[in-house]
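Visitor: Below you'll find protein.txt; it's compact mmCIF, N, CA and C atoms.
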```txt
# COMPACT_ATOMS: atom_id res chain seq x y z
N MET A 11 99.72 94.07 89.29
CA MET A 11 100.37 93.58 88.10
C MET A 11 99.38 92.87 87.18
N LEU A 12 98.54 92.04 87.76
CA LEU A 12 97.54 91.35 86.94
C LEU A 12 96.56 92.35 86.35
N ALA A 13 96.11 93.31 87.16
CA ALA A 13 95.16 94.31 86.66
C ALA A 13 95.76 95.08 85.50
N LYS A 14 97.03 95.44 85.60
CA LYS A 14 97.69 96.17 84.51
C LYS A 14 97.70 95.33 83.25
N ARG A 15 98.00 94.05 83.40
CA ARG A 15 98.04 93.15 82.24
C ARG A 15 96.67 93.06 81.58
N LEU A 16 95.62 92.98 82.39
CA LEU A 16 94.27 92.88 81.85
C LEU A 16 93.82 94.19 81.21
N GLU A 17 94.24 95.31 81.79
CA GLU A 17 93.89 96.62 81.22
C GLU A 17 94.54 96.85 79.86
N GLU A 18 95.63 96.16 79.58
CA GLU A 18 96.32 96.31 78.31
C GLU A 18 95.61 95.61 77.16
N VAL A 19 94.63 94.75 77.46
CA VAL A 19 93.88 94.05 76.42
C VAL A 19 92.96 95.05 75.74
N PRO A 20 93.10 95.19 74.43
CA PRO A 20 92.25 96.17 73.73
C PRO A 20 90.80 95.70 73.67
N PRO A 21 89.86 96.62 73.86
CA PRO A 21 88.45 96.25 73.75
C PRO A 21 88.13 95.75 72.34
N SER A 22 87.11 94.92 72.25
CA SER A 22 86.69 94.39 70.96
C SER A 22 85.17 94.42 70.88
N SER A 23 84.65 94.65 69.69
CA SER A 23 83.19 94.61 69.52
C SER A 23 82.67 93.18 69.60
N ASP A 24 83.56 92.21 69.42
CA ASP A 24 83.21 90.79 69.56
C ASP A 24 83.47 90.38 71.00
N PHE A 25 82.40 90.27 71.78
CA PHE A 25 82.56 90.01 73.21
C PHE A 25 83.29 88.70 73.48
N LEU A 26 82.99 87.66 72.72
CA LEU A 26 83.65 86.37 72.92
C LEU A 26 85.15 86.49 72.67
N GLN A 27 85.53 87.22 71.63
CA GLN A 27 86.95 87.40 71.35
C GLN A 27 87.61 88.19 72.47
N TYR A 28 86.94 89.22 72.96
CA TYR A 28 87.47 90.02 74.07
C TYR A 28 87.68 89.15 75.31
N LEU A 29 86.71 88.30 75.59
CA LEU A 29 86.82 87.40 76.74
C LEU A 29 87.99 86.43 76.56
N MET A 30 88.16 85.91 75.36
CA MET A 30 89.28 85.01 75.09
C MET A 30 90.61 85.76 75.22
N ASP A 31 90.66 87.01 74.76
CA ASP A 31 91.88 87.81 74.89
C ASP A 31 92.21 88.08 76.36
N LEU A 32 91.19 88.34 77.16
CA LEU A 32 91.41 88.51 78.60
C LEU A 32 91.95 87.23 79.22
N GLY A 33 91.37 86.11 78.81
CA GLY A 33 91.84 84.82 79.30
C GLY A 33 93.29 84.56 78.92
N GLU A 34 93.64 84.92 77.71
CA GLU A 34 95.03 84.76 77.26
C GLU A 34 95.97 85.64 78.07
N ALA A 35 95.56 86.87 78.36
CA ALA A 35 96.38 87.78 79.17
C ALA A 35 96.54 87.22 80.59
N PHE A 36 95.46 86.67 81.13
CA PHE A 36 95.52 86.06 82.46
C PHE A 36 96.46 84.86 82.45
N TRP A 37 96.33 84.02 81.44
CA TRP A 37 97.18 82.83 81.31
C TRP A 37 98.64 83.24 81.19
N GLN A 38 98.91 84.25 80.39
CA GLN A 38 100.29 84.69 80.21
C GLN A 38 100.85 85.26 81.52
N PHE A 39 100.02 85.98 82.26
CA PHE A 39 100.45 86.48 83.57
C PHE A 39 100.82 85.30 84.48
N ALA A 40 99.98 84.28 84.48
CA ALA A 40 100.23 83.11 85.33
C ALA A 40 101.53 82.41 84.93
N GLN A 41 101.82 82.37 83.64
CA GLN A 41 103.06 81.76 83.17
C GLN A 41 104.28 82.62 83.52
N ASP A 42 104.13 83.92 83.41
CA ASP A 42 105.24 84.83 83.67
C ASP A 42 105.52 85.00 85.16
N TYR A 43 104.49 84.93 85.97
CA TYR A 43 104.61 85.17 87.41
C TYR A 43 103.97 84.02 88.19
N THR A 44 104.52 82.84 88.02
CA THR A 44 103.97 81.64 88.63
C THR A 44 103.82 81.77 90.14
N SER A 45 104.81 82.34 90.79
CA SER A 45 104.74 82.45 92.25
C SER A 45 103.61 83.37 92.69
N TYR A 46 103.37 84.46 91.96
CA TYR A 46 102.24 85.34 92.28
C TYR A 46 100.91 84.62 92.07
N TYR A 47 100.82 83.89 90.98
CA TYR A 47 99.60 83.15 90.69
C TYR A 47 99.30 82.17 91.83
N LYS A 48 100.31 81.43 92.26
CA LYS A 48 100.13 80.46 93.34
C LYS A 48 99.75 81.18 94.64
N LEU A 49 100.36 82.32 94.90
CA LEU A 49 100.03 83.08 96.10
C LEU A 49 98.59 83.59 96.05
N MET A 50 98.16 84.10 94.90
CA MET A 50 96.81 84.66 94.78
C MET A 50 95.74 83.57 94.78
N PHE A 51 96.01 82.45 94.12
CA PHE A 51 94.96 81.45 93.92
C PHE A 51 95.25 80.12 94.59
N GLY A 52 96.40 80.00 95.22
CA GLY A 52 96.71 78.84 96.04
C GLY A 52 96.74 77.51 95.31
N GLY A 53 97.15 77.52 94.07
CA GLY A 53 97.17 76.25 93.37
C GLY A 53 98.13 76.22 92.21
N LEU A 54 98.13 75.08 91.58
CA LEU A 54 98.97 74.87 90.42
C LEU A 54 98.31 75.42 89.18
N LEU A 55 99.10 75.70 88.19
CA LEU A 55 98.57 76.14 86.90
C LEU A 55 97.97 74.93 86.18
N PRO A 56 96.88 75.14 85.47
CA PRO A 56 96.37 74.05 84.64
C PRO A 56 97.40 73.72 83.56
N SER A 57 97.39 72.50 83.10
CA SER A 57 98.36 72.11 82.09
C SER A 57 98.13 72.89 80.80
N SER A 58 99.20 73.14 80.09
CA SER A 58 99.07 73.89 78.83
C SER A 58 98.29 73.07 77.81
N SER A 59 98.36 71.74 77.87
CA SER A 59 97.59 70.93 76.93
C SER A 59 96.09 71.09 77.19
N ARG A 60 95.70 71.24 78.43
CA ARG A 60 94.28 71.48 78.76
C ARG A 60 93.84 72.83 78.23
N MET A 61 94.68 73.85 78.38
CA MET A 61 94.34 75.17 77.88
C MET A 61 94.23 75.17 76.36
N GLN A 62 95.11 74.45 75.69
CA GLN A 62 95.05 74.36 74.24
C GLN A 62 93.76 73.69 73.80
N LYS A 63 93.33 72.66 74.52
CA LYS A 63 92.10 71.96 74.20
C LYS A 63 90.90 72.91 74.35
N VAL A 64 90.88 73.68 75.42
CA VAL A 64 89.80 74.63 75.65
C VAL A 64 89.74 75.66 74.52
N CYS A 65 90.90 76.15 74.11
CA CYS A 65 90.94 77.14 73.02
C CYS A 65 90.48 76.55 71.70
N ARG A 66 90.81 75.30 71.44
CA ARG A 66 90.37 74.66 70.20
C ARG A 66 88.87 74.45 70.18
N GLU A 67 88.27 74.22 71.34
CA GLU A 67 86.84 73.94 71.44
C GLU A 67 85.98 75.18 71.23
N ARG A 68 86.57 76.35 71.29
CA ARG A 68 85.76 77.56 71.13
C ARG A 68 85.46 77.74 69.72
```
Give the structure from the file, written as structure tokens.

Guide:
Amino acid sequence: MLAKRLEEVPPSSDFLQYLMDLGEAFWQFAQDYTSYYKLMFGGLLPSSSRMQKVCRER
């Protein structure tokens, strides 16, 4: 399921933008399938305020 979500991200000539888009797809997967995320990575999701801060810093 995660692989499918990541494969749906369109390629970009801007590598940084592509990486950010992959990160967004991963984050959205984690939000949509919290139990799978916890099972795969054994932890809690980072706070959305932390993710917003990271995105603003780019």

Visitor: Measure the distance from CA of Glu17 (chain A) to CA of Lys48 (chain A) in Å and round it to one decimal.

Guide: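 Atom-to-atom, CA of Glu17 (chain A) to CA of Lys48 (chain A), that is 21.1 Å.
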
Visitor: Hey, can you check how far atom N of Ser23 (chain A) sits from atom C of Phe39 (chain A)?

Guide: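 It comes out at 23.8 Å.
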
Visitor: Within 9 Å of Ala35 (chain A), counting only C-alpha atoms, which residues qualify if same-chain residues fewer than 3 places away don't, as JSON, numbers by chain?

Guide: {"A": [12, 15, 16, 18, 19, 30, 31, 32, 38, 39, 40]}

Visitor: Selection from above, N, CA and C atoms, as an mmCIF file, in the coordinates of the input, can you write it?

Guide:
```cif
data_model
loop_
_atom_site.group_PDB
_atom_site.id
_atom_site.type_symbol
_atom_site.label_atom_id
_atom_site.label_comp_id
_atom_site.auth_asym_id
_atom_site.auth_seq_id
_atom_site.Cartn_x
_atom_site.Cartn_y
_atom_site.Cartn_z
ATOM 1 N N LEU A 12 98.540 92.040 87.760
ATOM 2 C CA LEU A 12 97.540 91.350 86.940
ATOM 3 C C LEU A 12 96.560 92.350 86.350
ATOM 4 N N ARG A 15 98.000 94.050 83.400
ATOM 5 C CA ARG A 15 98.040 93.150 82.240
ATOM 6 C C ARG A 15 96.670 93.060 81.580
ATOM 7 N N LEU A 16 95.620 92.980 82.390
ATOM 8 C CA LEU A 16 94.270 92.880 81.850
ATOM 9 C C LEU A 16 93.820 94.190 81.210
ATOM 10 N N GLU A 18 95.630 96.160 79.580
ATOM 11 C CA GLU A 18 96.320 96.310 78.310
ATOM 12 C C GLU A 18 95.610 95.610 77.160
ATOM 13 N N VAL A 19 94.630 94.750 77.460
ATOM 14 C CA VAL A 19 93.880 94.050 76.420
ATOM 15 C C VAL A 19 92.960 95.050 75.740
ATOM 16 N N MET A 30 88.160 85.910 75.360
ATOM 17 C CA MET A 30 89.280 85.010 75.090
ATOM 18 C C MET A 30 90.610 85.760 75.220
ATOM 19 N N ASP A 31 90.660 87.010 74.760
ATOM 20 C CA ASP A 31 91.880 87.810 74.890
ATOM 21 C C ASP A 31 92.210 88.080 76.360
ATOM 22 N N LEU A 32 91.190 88.340 77.160
ATOM 23 C CA LEU A 32 91.410 88.510 78.600
ATOM 24 C C LEU A 32 91.950 87.230 79.220
ATOM 25 N N GLN A 38 98.910 84.250 80.390
ATOM 26 C CA GLN A 38 100.290 84.690 80.210
ATOM 27 C C GLN A 38 100.850 85.260 81.520
ATOM 28 N N PHE A 39 100.020 85.980 82.260
ATOM 29 C CA PHE A 39 100.450 86.480 83.570
ATOM 30 C C PHE A 39 100.820 85.300 84.480
ATOM 31 N N ALA A 40 99.980 84.280 84.480
ATOM 32 C CA ALA A 40 100.230 83.110 85.330
ATOM 33 C C ALA A 40 101.530 82.410 84.930
#
```

Visitor: Can you work out the spacing between CA of Tyr43 (chain A) and CA of Met11 (chain A) in Å, to one decimal?

Guide: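 So the answer is 9.4 Å.
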